[in-house]
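Worksheet: the structure to be examined is printed underneath.
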Amino acid sequence: MAIFKIMKIISSEYVKSFTQIRHFDLPVLPAIAFIGRSNVGKSSLINHLLNRKKLVKTSSTPGKTQLLNYFLINQSFYFVDLPGYGFANVPIQVKESWQKVIADFIVRSPELYLTVQLVDARHKPSKEDIAFRKMAVNSNLNSIVVANKIDKVKKSQIQKLSKQIQSVLELNQSPLFHSSLKKIGKEKIWNIISGCLDKN
Ligand code: GTP
Ligand code: MG
């Protein structure tokens with residue numbers, strides 16, 4: 001039986017936001033970043049992992065998170081909530097500048113221990129999902145894929161959708177499943193985060 005290490009959260013607080021990683025001026029600590037298309041549920045996942053209802057602002061309107069937002073956990077590592085990629089209803093220049101910000105973050109972020117890439121469990125991964133996965137692999141990032149909003153998927157469909165995500169994103173194993181709404185999947189994600197923090 002798997003033994004899950006759920007981290008005890010003693011403190012979690014918002015510290016600072018940056019428009020670009022080159023402005024980063026906080027103490028350097030291990031960072032875990034959350035990435036995925038707009039509205040996929042990144043901010044909600046962070047709240048769920050931290051047992052907080054409103055630490056990170058969420059919204060049904062895509063594009064809520066537009067900065068690199070740093071949260072300090074247990075005074076010892078950061079969660080970074082990244083702006084969503086692939087948000088359709090913004091001018092192309094804005095979209096491209098977000099992509100640059102994210103690509104730059106991947107290359108320059110100090111002590112980036114792990115990226116948690118969220119995809120929508122219901123759909124075939126998008127072009128942007130694939131592009132980010134490739135970027136993560138090519139940059140030798142430690143990266144996991146979480147299929148989110150699993151509460152919206154019928155049990156009978158899970159296996160098929162899991163295989164589809166695995167094959168489109170060329171993963172070695174099936175994605176993890178998660179739902180903030182139904183509170184599913186937190187333990188496995190924490191297990192990986194804790195493992196990364198311990199290993200480094
Ligand atoms: P941006 O900041 O715009 O990039 O979005 P985000 O990825 O941070 O998404 P956010 O957490 O703000 O959630 C977007 C919407 O999806 C909100 O209306 C959430 O309530 C909803 N949502 C988030 N997680 C889940 C989930 O697990 N299941 C369901 N059904 N809805 C969810
Ligand atoms: Mg957000």
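Simple scheme: letters A, B, ... for chains in structure tokens order, numbers from 1 for residues in each chain, numbers from 1 for ligands in the order shown.
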- Find the residues around Asn172 (chain A) up to 12 Å (only C-alpha atoms counted), leave out those fewer than 5 positions away in its own chain, and share them as a VMD selection string. chain A and resid 137 143 to 145 163 165 to 167
Generate a file of the selected residues that holds N, CA, C and O atoms, formatted as a compact mmCIF listing (two decimals), in the first residue's frame.
# COMPACT_ATOMS: atom_id res chain seq x y z
N VAL A 137 9.96 19.32 -20.84
CA VAL A 137 10.85 18.16 -21.09
C VAL A 137 12.19 18.67 -21.64
O VAL A 137 13.25 18.28 -21.16
N SER A 143 8.62 17.75 -13.82
CA SER A 143 7.27 18.24 -14.10
C SER A 143 6.25 17.10 -14.03
O SER A 143 6.52 16.01 -14.53
N ILE A 144 5.12 17.36 -13.42
CA ILE A 144 4.05 16.36 -13.41
C ILE A 144 2.80 16.94 -14.08
O ILE A 144 2.64 18.16 -14.15
N VAL A 145 1.96 16.05 -14.56
CA VAL A 145 0.72 16.48 -15.21
C VAL A 145 -0.46 16.02 -14.37
O VAL A 145 -0.56 14.86 -13.98
N LYS A 163 -5.73 7.71 -20.87
CA LYS A 163 -4.85 7.20 -21.95
C LYS A 163 -4.62 8.27 -23.01
O LYS A 163 -3.52 8.41 -23.54
N ILE A 165 -4.69 11.57 -22.66
CA ILE A 165 -3.78 12.61 -22.15
C ILE A 165 -2.35 12.08 -22.15
O ILE A 165 -1.41 12.75 -22.60
N GLN A 166 -2.20 10.84 -21.69
CA GLN A 166 -0.86 10.24 -21.62
C GLN A 166 -0.23 10.18 -23.02
O GLN A 166 0.94 10.52 -23.20
N SER A 167 -1.05 9.77 -23.99
CA SER A 167 -0.47 9.61 -25.32
C SER A 167 -0.22 10.96 -26.00
O SER A 167 0.85 11.19 -26.56
Selection: 9 Å around Ile102 (chain A), only C-alpha atoms, excl. self and same-chain fewer than 2 positions, as a PDB file with N, CA, C and O atoms, in the first residue's frame:
ATOM      1  N   GLN A  20       7.495  39.966 -14.322  1.00  0.00           N
ATOM      2  CA  GLN A  20       8.485  39.125 -15.007  1.00  0.00           C
ATOM      3  C   GLN A  20       9.453  38.565 -13.985  1.00  0.00           C
ATOM      4  O   GLN A  20       9.734  39.221 -12.979  1.00  0.00           O
ATOM      5  N   ILE A  21      10.024  37.410 -14.293  1.00  0.00           N
ATOM      6  CA  ILE A  21      10.902  36.752 -13.320  1.00  0.00           C
ATOM      7  C   ILE A  21      12.180  37.560 -13.093  1.00  0.00           C
ATOM      8  O   ILE A  21      12.799  37.480 -12.043  1.00  0.00           O
ATOM      9  N   ILE A  35       0.973  25.510 -13.454  1.00  0.00           N
ATOM     10  CA  ILE A  35       0.842  26.042 -14.807  1.00  0.00           C
ATOM     11  C   ILE A  35      -0.278  25.309 -15.542  1.00  0.00           C
ATOM     12  O   ILE A  35      -0.553  24.146 -15.280  1.00  0.00           O
ATOM     13  N   LEU A  68       3.096  36.610 -11.877  1.00  0.00           N
ATOM     14  CA  LEU A  68       3.738  35.484 -11.201  1.00  0.00           C
ATOM     15  C   LEU A  68       3.526  35.741  -9.704  1.00  0.00           C
ATOM     16  O   LEU A  68       4.115  36.644  -9.134  1.00  0.00           O
ATOM     17  N   LEU A  82       0.980  30.734 -11.673  1.00  0.00           N
ATOM     18  CA  LEU A  82       1.367  31.375 -12.926  1.00  0.00           C
ATOM     19  C   LEU A  82       0.128  31.800 -13.720  1.00  0.00           C
ATOM     20  O   LEU A  82      -0.936  31.184 -13.594  1.00  0.00           O
ATOM     21  N   PRO A  83       0.287  32.800 -14.571  1.00  0.00           N
ATOM     22  CA  PRO A  83      -0.846  33.173 -15.420  1.00  0.00           C
ATOM     23  C   PRO A  83      -1.182  32.035 -16.380  1.00  0.00           C
ATOM     24  O   PRO A  83      -0.289  31.318 -16.821  1.00  0.00           O
ATOM     25  N   TYR A  85      -2.080  30.037 -19.737  1.00  0.00           N
ATOM     26  CA  TYR A  85      -1.801  30.213 -21.153  1.00  0.00           C
ATOM     27  C   TYR A  85      -3.044  29.864 -21.968  1.00  0.00           C
ATOM     28  O   TYR A  85      -3.985  29.268 -21.450  1.00  0.00           O
ATOM     29  N   SER A  97       2.877  37.978 -24.985  1.00  0.00           N
ATOM     30  CA  SER A  97       3.728  38.456 -23.899  1.00  0.00           C
ATOM     31  C   SER A  97       3.602  37.503 -22.694  1.00  0.00           C
ATOM     32  O   SER A  97       4.578  37.238 -22.020  1.00  0.00           O
ATOM     33  N   TRP A  98       2.427  36.942 -22.444  1.00  0.00           N
ATOM     34  CA  TRP A  98       2.296  35.964 -21.359  1.00  0.00           C
ATOM     35  C   TRP A  98       3.148  34.733 -21.630  1.00  0.00           C
ATOM     36  O   TRP A  98       3.788  34.198 -20.743  1.00  0.00           O
ATOM     37  N   GLN A  99       3.127  34.299 -22.899  1.00  0.00           N
ATOM     38  CA  GLN A  99       3.917  33.110 -23.226  1.00  0.00           C
ATOM     39  C   GLN A  99       5.400  33.356 -22.976  1.00  0.00           C
ATOM     40  O   GLN A  99       6.111  32.504 -22.460  1.00  0.00           O
ATOM     41  N   LYS A 100       5.839  34.561 -23.327  1.00  0.00           N
ATOM     42  CA  LYS A 100       7.244  34.927 -23.086  1.00  0.00           C
ATOM     43  C   LYS A 100       7.538  34.923 -21.594  1.00  0.00           C
ATOM     44  O   LYS A 100       8.582  34.449 -21.162  1.00  0.00           O
ATOM     45  N   ASP A 104      10.264  32.497 -19.987  1.00  0.00           N
ATOM     46  CA  ASP A 104      11.361  33.126 -19.271  1.00  0.00           C
ATOM     47  C   ASP A 104      11.418  32.636 -17.822  1.00  0.00           C
ATOM     48  O   ASP A 104      12.491  32.390 -17.273  1.00  0.00           O
ATOM     49  N   PHE A 105      10.253  32.487 -17.241  1.00  0.00           N
ATOM     50  CA  PHE A 105      10.171  31.989 -15.861  1.00  0.00           C
ATOM     51  C   PHE A 105      10.818  30.603 -15.762  1.00  0.00           C
ATOM     52  O   PHE A 105      11.591  30.328 -14.845  1.00  0.00           O
ATOM     53  N   ILE A 106      10.482  29.744 -16.733  1.00  0.00           N
ATOM     54  CA  ILE A 106      11.001  28.377 -16.723  1.00  0.00           C
ATOM     55  C   ILE A 106      12.530  28.367 -16.756  1.00  0.00           C
ATOM     56  O   ILE A 106      13.181  27.605 -16.056  1.00  0.00           O
ATOM     57  N   VAL A 107      13.086  29.251 -17.557  1.00  0.00           N
ATOM     58  CA  VAL A 107      14.537  29.268 -17.717  1.00  0.00           C
ATOM     59  C   VAL A 107      15.236  29.936 -16.527  1.00  0.00           C
ATOM     60  O   VAL A 107      16.275  29.485 -16.075  1.00  0.00           O
TER      61      VAL A 107
END
Compile a residue-level contact table for region 66-162 of chain A against region 186-200 of chain A at a cut-off of 10 Å, reporting for every qualifying residue the shortest atom pair and its distance in Å to one decimal, with only C-alpha atoms counted, rows ordered by chain and ascending number, as a tab-separated table.
residue	atom	partner	partner_atom	distance
A:Ser76	CA	A:Leu197	CA	9.9
A:Phe77	CA	A:Leu197	CA	8.5
A:Glu111	CA	A:Asn200	CA	9.5
A:Tyr113	CA	A:Cys196	CA	6.6
A:Leu114	CA	A:Cys196	CA	7.2
A:Thr115	CA	A:Ile193	CA	9.5
A:Val116	CA	A:Ile189	CA	8.7
A:Asn142	CA	A:Cys196	CA	8.7
A:Ile144	CA	A:Ile192	CA	8.6
A:Val145	CA	A:Ile189	CA	9.8
A:Val146	CA	A:Ile189	CA	8.4
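Among the candidates A:Phe132, A:Phe177, A:Phe18, A:Phe79, the residue lying nearest to ligand 1 is A:Phe177 (atoms considered: only C-alpha atoms and all ligand atoms).
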- re CA of Ile92 (chain A) and CA of His123 (chain A): distance 23.5 Å
- Item | All alpha helix (DSSP H) positions in region 39-125 of chain A, as a PyMOL selection string | chain A and resi 42-49+92-108
How would the residues just chosen look if you wrote them out with C-alpha atoms as a PDB file, in the first residue's frame?
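Contents of again_33.pdb, freshly written:
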ATOM      1  CA  LYS A  42      -4.646  26.260 -10.880  1.00  0.00           C
ATOM      2  CA  SER A  43      -5.558  28.773  -8.183  1.00  0.00           C
ATOM      3  CA  SER A  44      -8.253  26.448  -6.810  1.00  0.00           C
ATOM      4  CA  LEU A  45      -5.753  23.571  -6.665  1.00  0.00           C
ATOM      5  CA  ILE A  46      -3.347  25.693  -4.631  1.00  0.00           C
ATOM      6  CA  ASN A  47      -6.117  26.594  -2.188  1.00  0.00           C
ATOM      7  CA  HIS A  48      -7.075  22.920  -1.942  1.00  0.00           C
ATOM      8  CA  LEU A  49      -3.491  21.795  -1.288  1.00  0.00           C
ATOM      9  CA  ILE A  92      -2.624  38.408 -29.582  1.00  0.00           C
ATOM     10  CA  GLN A  93       0.120  40.720 -28.245  1.00  0.00           C
ATOM     11  CA  VAL A  94      -1.016  40.116 -24.673  1.00  0.00           C
ATOM     12  CA  LYS A  95      -1.133  36.382 -25.288  1.00  0.00           C
ATOM     13  CA  GLU A  96       2.361  36.368 -26.733  1.00  0.00           C
ATOM     14  CA  SER A  97       3.728  38.456 -23.899  1.00  0.00           C
ATOM     15  CA  TRP A  98       2.296  35.964 -21.359  1.00  0.00           C
ATOM     16  CA  GLN A  99       3.917  33.110 -23.226  1.00  0.00           C
ATOM     17  CA  LYS A 100       7.244  34.927 -23.086  1.00  0.00           C
ATOM     18  CA  VAL A 101       6.814  35.571 -19.375  1.00  0.00           C
ATOM     19  CA  ILE A 102       6.190  31.882 -18.753  1.00  0.00           C
ATOM     20  CA  ALA A 103       9.033  30.679 -20.985  1.00  0.00           C
ATOM     21  CA  ASP A 104      11.361  33.126 -19.271  1.00  0.00           C
ATOM     22  CA  PHE A 105      10.171  31.989 -15.861  1.00  0.00           C
ATOM     23  CA  ILE A 106      11.001  28.377 -16.723  1.00  0.00           C
ATOM     24  CA  VAL A 107      14.537  29.268 -17.717  1.00  0.00           C
ATOM     25  CA  ARG A 108      15.354  31.824 -15.031  1.00  0.00           C
TER      26      ARG A 108
END
- Query: Can you tell me which residues sit at most 7 Å away from ligand 1, counting only C-alpha atoms and all ligand atoms, written as JSON, numbers by chain?
  - Reply: {"A": [36, 37, 38, 39, 40, 41, 42, 43, 44, 45, 57, 58, 59, 60, 61, 62, 63, 64, 65, 66, 83, 84, 148, 149, 150, 151, 152, 178, 179, 180, 181, 182]}
- Message: Going by DSSP on the backbone, which residues of region 42-179 of chain A come out as strand (DSSP E or B)? List them as an NGL selection string.
- Response: :A and (68-73 or 77-81 or 85 or 112-120 or 143-148 or 176-179)
Once you have the residues from the selection above, write them out as a PDB file, in the first residue's frame, restricted to N, CA and C atoms.
ATOM      1  N   LEU A  68       3.096  36.610 -11.877  1.00  0.00           N
ATOM      2  CA  LEU A  68       3.738  35.484 -11.201  1.00  0.00           C
ATOM      3  C   LEU A  68       3.526  35.741  -9.704  1.00  0.00           C
ATOM      4  N   ASN A  69       2.635  34.979  -9.107  1.00  0.00           N
ATOM      5  CA  ASN A  69       2.259  35.234  -7.712  1.00  0.00           C
ATOM      6  C   ASN A  69       2.958  34.253  -6.783  1.00  0.00           C
ATOM      7  N   TYR A  70       3.697  34.785  -5.824  1.00  0.00           N
ATOM      8  CA  TYR A  70       4.466  33.939  -4.897  1.00  0.00           C
ATOM      9  C   TYR A  70       3.767  33.820  -3.546  1.00  0.00           C
ATOM     10  N   PHE A  71       3.654  32.583  -3.090  1.00  0.00           N
ATOM     11  CA  PHE A  71       3.103  32.285  -1.768  1.00  0.00           C
ATOM     12  C   PHE A  71       4.173  31.534  -0.984  1.00  0.00           C
ATOM     13  N   LEU A  72       4.371  31.932   0.254  1.00  0.00           N
ATOM     14  CA  LEU A  72       5.393  31.287   1.088  1.00  0.00           C
ATOM     15  C   LEU A  72       4.717  30.261   1.988  1.00  0.00           C
ATOM     16  N   ILE A  73       5.224  29.024   1.909  1.00  0.00           N
ATOM     17  CA  ILE A  73       4.614  27.942   2.684  1.00  0.00           C
ATOM     18  C   ILE A  73       5.596  27.493   3.775  1.00  0.00           C
ATOM     19  N   PHE A  77       9.331  27.212   1.544  1.00  0.00           N
ATOM     20  CA  PHE A  77       9.307  27.070   0.078  1.00  0.00           C
ATOM     21  C   PHE A  77       8.148  27.894  -0.496  1.00  0.00           C
ATOM     22  N   TYR A  78       8.233  28.099  -1.815  1.00  0.00           N
ATOM     23  CA  TYR A  78       7.189  28.897  -2.472  1.00  0.00           C
ATOM     24  C   TYR A  78       6.276  28.025  -3.326  1.00  0.00           C
ATOM     25  N   PHE A  79       5.004  28.396  -3.390  1.00  0.00           N
ATOM     26  CA  PHE A  79       4.110  27.990  -4.456  1.00  0.00           C
ATOM     27  C   PHE A  79       4.008  29.201  -5.382  1.00  0.00           C
ATOM     28  N   VAL A  80       4.130  28.964  -6.680  1.00  0.00           N
ATOM     29  CA  VAL A  80       4.012  30.069  -7.630  1.00  0.00           C
ATOM     30  C   VAL A  80       2.799  29.819  -8.520  1.00  0.00           C
ATOM     31  N   ASP A  81       1.851  30.719  -8.439  1.00  0.00           N
ATOM     32  CA  ASP A  81       0.655  30.630  -9.276  1.00  0.00           C
ATOM     33  C   ASP A  81       0.945  31.424 -10.548  1.00  0.00           C
ATOM     34  N   TYR A  85      -2.080  30.037 -19.737  1.00  0.00           N
ATOM     35  CA  TYR A  85      -1.801  30.213 -21.153  1.00  0.00           C
ATOM     36  C   TYR A  85      -3.044  29.864 -21.968  1.00  0.00           C
ATOM     37  N   LEU A 112      13.742  26.129  -9.098  1.00  0.00           N
ATOM     38  CA  LEU A 112      12.430  25.608  -9.505  1.00  0.00           C
ATOM     39  C   LEU A 112      12.471  24.076  -9.377  1.00  0.00           C
ATOM     40  N   TYR A 113      11.905  23.567  -8.305  1.00  0.00           N
ATOM     41  CA  TYR A 113      12.002  22.134  -8.004  1.00  0.00           C
ATOM     42  C   TYR A 113      11.005  21.311  -8.811  1.00  0.00           C
ATOM     43  N   LEU A 114       9.857  21.916  -9.103  1.00  0.00           N
ATOM     44  CA  LEU A 114       8.798  21.128  -9.751  1.00  0.00           C
ATOM     45  C   LEU A 114       7.797  22.058 -10.434  1.00  0.00           C
ATOM     46  N   THR A 115       7.329  21.664 -11.622  1.00  0.00           N
ATOM     47  CA  THR A 115       6.157  22.340 -12.167  1.00  0.00           C
ATOM     48  C   THR A 115       5.005  21.334 -12.174  1.00  0.00           C
ATOM     49  N   VAL A 116       3.860  21.809 -11.762  1.00  0.00           N
ATOM     50  CA  VAL A 116       2.640  21.008 -11.776  1.00  0.00           C
ATOM     51  C   VAL A 116       1.799  21.549 -12.923  1.00  0.00           C
ATOM     52  N   GLN A 117       1.713  20.781 -14.008  1.00  0.00           N
ATOM     53  CA  GLN A 117       0.943  21.232 -15.181  1.00  0.00           C
ATOM     54  C   GLN A 117      -0.465  20.666 -15.105  1.00  0.00           C
ATOM     55  N   LEU A 118      -1.440  21.563 -15.107  1.00  0.00           N
ATOM     56  CA  LEU A 118      -2.831  21.109 -15.066  1.00  0.00           C
ATOM     57  C   LEU A 118      -3.413  21.082 -16.471  1.00  0.00           C
ATOM     58  N   VAL A 119      -4.122  20.012 -16.770  1.00  0.00           N
ATOM     59  CA  VAL A 119      -4.903  19.966 -18.005  1.00  0.00           C
ATOM     60  C   VAL A 119      -6.338  19.622 -17.623  1.00  0.00           C
ATOM     61  N   ASP A 120      -7.257  19.936 -18.498  1.00  0.00           N
ATOM     62  CA  ASP A 120      -8.661  19.634 -18.224  1.00  0.00           C
ATOM     63  C   ASP A 120      -8.910  18.153 -18.497  1.00  0.00           C
ATOM     64  N   SER A 143       8.617  17.755 -13.821  1.00  0.00           N
ATOM     65  CA  SER A 143       7.272  18.236 -14.101  1.00  0.00           C
ATOM     66  C   SER A 143       6.249  17.101 -14.032  1.00  0.00           C
ATOM     67  N   ILE A 144       5.116  17.361 -13.418  1.00  0.00           N
ATOM     68  CA  ILE A 144       4.048  16.359 -13.411  1.00  0.00           C
ATOM     69  C   ILE A 144       2.801  16.942 -14.085  1.00  0.00           C
ATOM     70  N   VAL A 145       1.963  16.046 -14.560  1.00  0.00           N
ATOM     71  CA  VAL A 145       0.724  16.479 -15.212  1.00  0.00           C
ATOM     72  C   VAL A 145      -0.464  16.021 -14.366  1.00  0.00           C
ATOM     73  N   VAL A 146      -1.346  16.974 -14.080  1.00  0.00           N
ATOM     74  CA  VAL A 146      -2.548  16.682 -13.299  1.00  0.00           C
ATOM     75  C   VAL A 146      -3.766  16.917 -14.186  1.00  0.00           C
ATOM     76  N   ALA A 147      -4.586  15.900 -14.332  1.00  0.00           N
ATOM     77  CA  ALA A 147      -5.849  16.055 -15.068  1.00  0.00           C
ATOM     78  C   ALA A 147      -6.888  16.552 -14.070  1.00  0.00           C
ATOM     79  N   ASN A 148      -7.329  17.785 -14.280  1.00  0.00           N
ATOM     80  CA  ASN A 148      -8.164  18.452 -13.267  1.00  0.00           C
ATOM     81  C   ASN A 148      -9.657  18.421 -13.616  1.00  0.00           C
ATOM     82  N   LEU A 176      -2.012  12.347 -13.008  1.00  0.00           N
ATOM     83  CA  LEU A 176      -2.709  12.265 -11.730  1.00  0.00           C
ATOM     84  C   LEU A 176      -4.086  12.898 -11.926  1.00  0.00           C
ATOM     85  N   PHE A 177      -5.046  12.496 -11.117  1.00  0.00           N
ATOM     86  CA  PHE A 177      -6.378  13.087 -11.222  1.00  0.00           C
ATOM     87  C   PHE A 177      -6.677  13.938 -10.010  1.00  0.00           C
ATOM     88  N   HIS A 178      -7.417  15.011 -10.261  1.00  0.00           N
ATOM     89  CA  HIS A 178      -7.697  15.919  -9.145  1.00  0.00           C
ATOM     90  C   HIS A 178      -9.028  16.644  -9.342  1.00  0.00           C
ATOM     91  N   SER A 179      -9.674  16.930  -8.221  1.00  0.00           N
ATOM     92  CA  SER A 179     -10.844  17.806  -8.231  1.00  0.00           C
ATOM     93  C   SER A 179     -10.856  18.640  -6.954  1.00  0.00           C
TER      94      SER A 179
END
- Item | Gln75 (chain A) environment, 10 Å, only C-alpha atoms, sequence neighbours closer than 5 positions dropped, as a PyMOL selection string | chain A and resi 10-13+29
Let's have the selection written as a tab-separated table (two decimals), in the first residue's frame, with N, CA and C atoms.
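And here's again.tsv as it stands now:
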chain	number	residue	atom	x	y	z
A	10	ILE	N	1.85	24.62	8.27
A	10	ILE	CA	1.87	25.46	9.48
A	10	ILE	C	1.54	26.90	9.10
A	11	SER	N	2.05	27.31	7.97
A	11	SER	CA	1.72	28.67	7.53
A	11	SER	C	1.71	28.75	6.01
A	12	SER	N	0.85	29.59	5.49
A	12	SER	CA	0.85	29.87	4.05
A	12	SER	C	0.41	31.31	3.88
A	13	GLU	N	1.20	32.07	3.16
A	13	GLU	CA	0.87	33.49	3.01
A	13	GLU	C	1.30	34.00	1.64
A	29	LEU	N	14.37	30.39	-2.36
A	29	LEU	CA	13.91	29.17	-1.67
A	29	LEU	C	13.37	28.23	-2.75
